[in-house]
Amino acid sequence: MAFKSLLTIVSLAAALTGTNAALTRRVACPDGKNTATNAACCQLFAVRDDLQENLFHGGLCTAEAHESLRLTFHDAIAISPALEAQGKFGGGGADGSIAIFSDIETAFHPNIGLDEIIALQKPLVARHNISVADL
């Protein structure tokens with residue numbers, strides 16, 4: 001009996017999830033092959049394809065992929081010891097500050113070596129006219 005009730009609940013949840021997905025409006029992107037829930041996101045498909053092809057060597061999990069993930073992580077967990085010492089919030093979030101202030105930020109011990117992936121990503125940022133925070 002309990003199994004039957006559980007199965008009913010799971011089935012109902014799956015049906016509601018499927019209904020919500022079916023009701024989500026999508027827009028066709030100008031490239032003719034992608035759709036998005038927001039038209040502003042369409043330009044990011046070209047960025048994704050460029051990343052996969054030119055930085056990640058056709059979508060392989062190479063050192064560039066690892067370092068890009070490391071850069072994203074370090075940028076997202078940004079800390080400010082000076083602010084924390086004052087009792088203020090010292091976090092920053094993923095705002096691209098490591099790439100924007102790379103001369104300063106990459107000298108910070110945990111960020112050593114990130115200057116290489118920042119240099120590799122700069123042409124991609126310029127090609128697609130996006131900010132490093134968007135990347």
# chains A, B, ... in the order shown; residues from 1 in each chain; ligands from 1
>>> residues_around(residues="range 87-100 of chain A", least_positions_apart="6", cutoff="10 Å", atoms="only C-alpha atoms", output="MDAnalysis selection string")
chainID A and resid 71:81 106 108 111 114:115 117:119 121:122 131:135
>>> select_by_dssp(residues="chain A", states="helix (DSSP H, G or I)", output="VMD selection string")
chain A and resid 2 to 23 39 to 41 43 to 55 63 to 76 81 to 85 97 to 100 102 to 105 109 to 111 114 to 128
>>> select_by_dssp(residues="chain A", states="strand (DSSP E or B)", output="PDB file with C-alpha atoms, in the first residue's frame")
ATOM      1  CA  VAL A  27      12.501  31.570 -28.717  1.00  0.00           C
ATOM      2  CA  ALA A  28      14.301  30.480 -31.860  1.00  0.00           C
ATOM      3  CA  THR A  35      16.428  27.857 -28.831  1.00  0.00           C
ATOM      4  CA  ALA A  36      16.478  29.704 -25.518  1.00  0.00           C
ATOM      5  CA  ILE A  79      37.532  37.268  -0.581  1.00  0.00           C
ATOM      6  CA  GLY A  91      33.020  38.134  -0.662  1.00  0.00           C
TER       7      GLY A  91
END
>>> residues_around(residues="Asn54 in chain A", least_positions_apart="6", cutoff="12 Å", atoms="only C-alpha atoms", output="list of chain:residue names")
A:Ala46, A:Val47, A:Arg48, A:Leu60, A:Thr62, A:Glu64, A:Ala65, A:Leu120, A:Gln121, A:Pro123, A:Leu124
>>> write_last_selection(atoms="N, CA and C atoms", output="CSV table (one decimal), in the first residue's frame")
chain,number,residue,atom,x,y,z
A,46,ALA,N,27.0,31.0,-29.6
A,46,ALA,CA,28.3,31.2,-30.4
A,46,ALA,C,29.5,31.2,-29.5
A,47,VAL,N,29.4,31.8,-28.3
A,47,VAL,CA,30.5,31.8,-27.3
A,47,VAL,C,30.8,30.3,-26.9
A,48,ARG,N,29.7,29.6,-26.6
A,48,ARG,CA,29.9,28.2,-26.2
A,48,ARG,C,30.6,27.4,-27.3
A,60,LEU,N,37.2,18.6,-25.5
A,60,LEU,CA,37.9,17.7,-24.7
A,60,LEU,C,38.2,18.3,-23.3
A,62,THR,N,40.6,19.2,-21.3
A,62,THR,CA,42.1,19.4,-21.3
A,62,THR,C,42.5,20.3,-20.2
A,64,GLU,N,43.1,23.4,-20.4
A,64,GLU,CA,42.4,24.7,-20.5
A,64,GLU,C,41.1,24.6,-19.9
A,65,ALA,N,40.4,23.5,-20.0
A,65,ALA,CA,39.1,23.3,-19.4
A,65,ALA,C,39.2,23.3,-17.9
A,120,LEU,N,44.6,33.3,-22.5
A,120,LEU,CA,43.9,32.5,-23.6
A,120,LEU,C,42.5,32.9,-23.8
A,121,GLN,N,41.8,33.4,-22.8
A,121,GLN,CA,40.4,33.7,-22.9
A,121,GLN,C,40.2,35.1,-23.5
A,123,PRO,N,41.2,36.8,-26.2
A,123,PRO,CA,40.7,36.9,-27.6
A,123,PRO,C,39.3,36.5,-27.8
A,124,LEU,N,38.9,35.5,-27.0
A,124,LEU,CA,37.5,35.0,-27.1
A,124,LEU,C,36.5,36.1,-26.6
>>> closest_residue(among="A:Cys29, A:Thr24, A:Asn38, A:Gln43", to="Asn129 in chain A", atoms="only C-alpha atoms")
A:Gln43
>>> atom_distance(atom1="CA of Thr37 in chain A", atom2="CA of His57 in chain A")
28.2 Å
>>> closest_residue(among="A:Leu69, A:Gln52, A:Val125, A:Glu116", to="Ser102 in chain A", atoms="only C-alpha atoms")
A:Glu116
>>> closest_residue(among="A:Ala82, A:Ile112, A:Ala107, A:Ala39", to="Glu67 in chain A", atoms="only C-alpha atoms")
A:Ile112
>>> atom_distance(atom1="CA of Ile130 in chain A", atom2="CA of Pro110 in chain A")
26.1 Å
>>> atom_distance(atom1="CA of Lys33 in chain A", atom2="CA of His66 in chain A")
28.1 Å
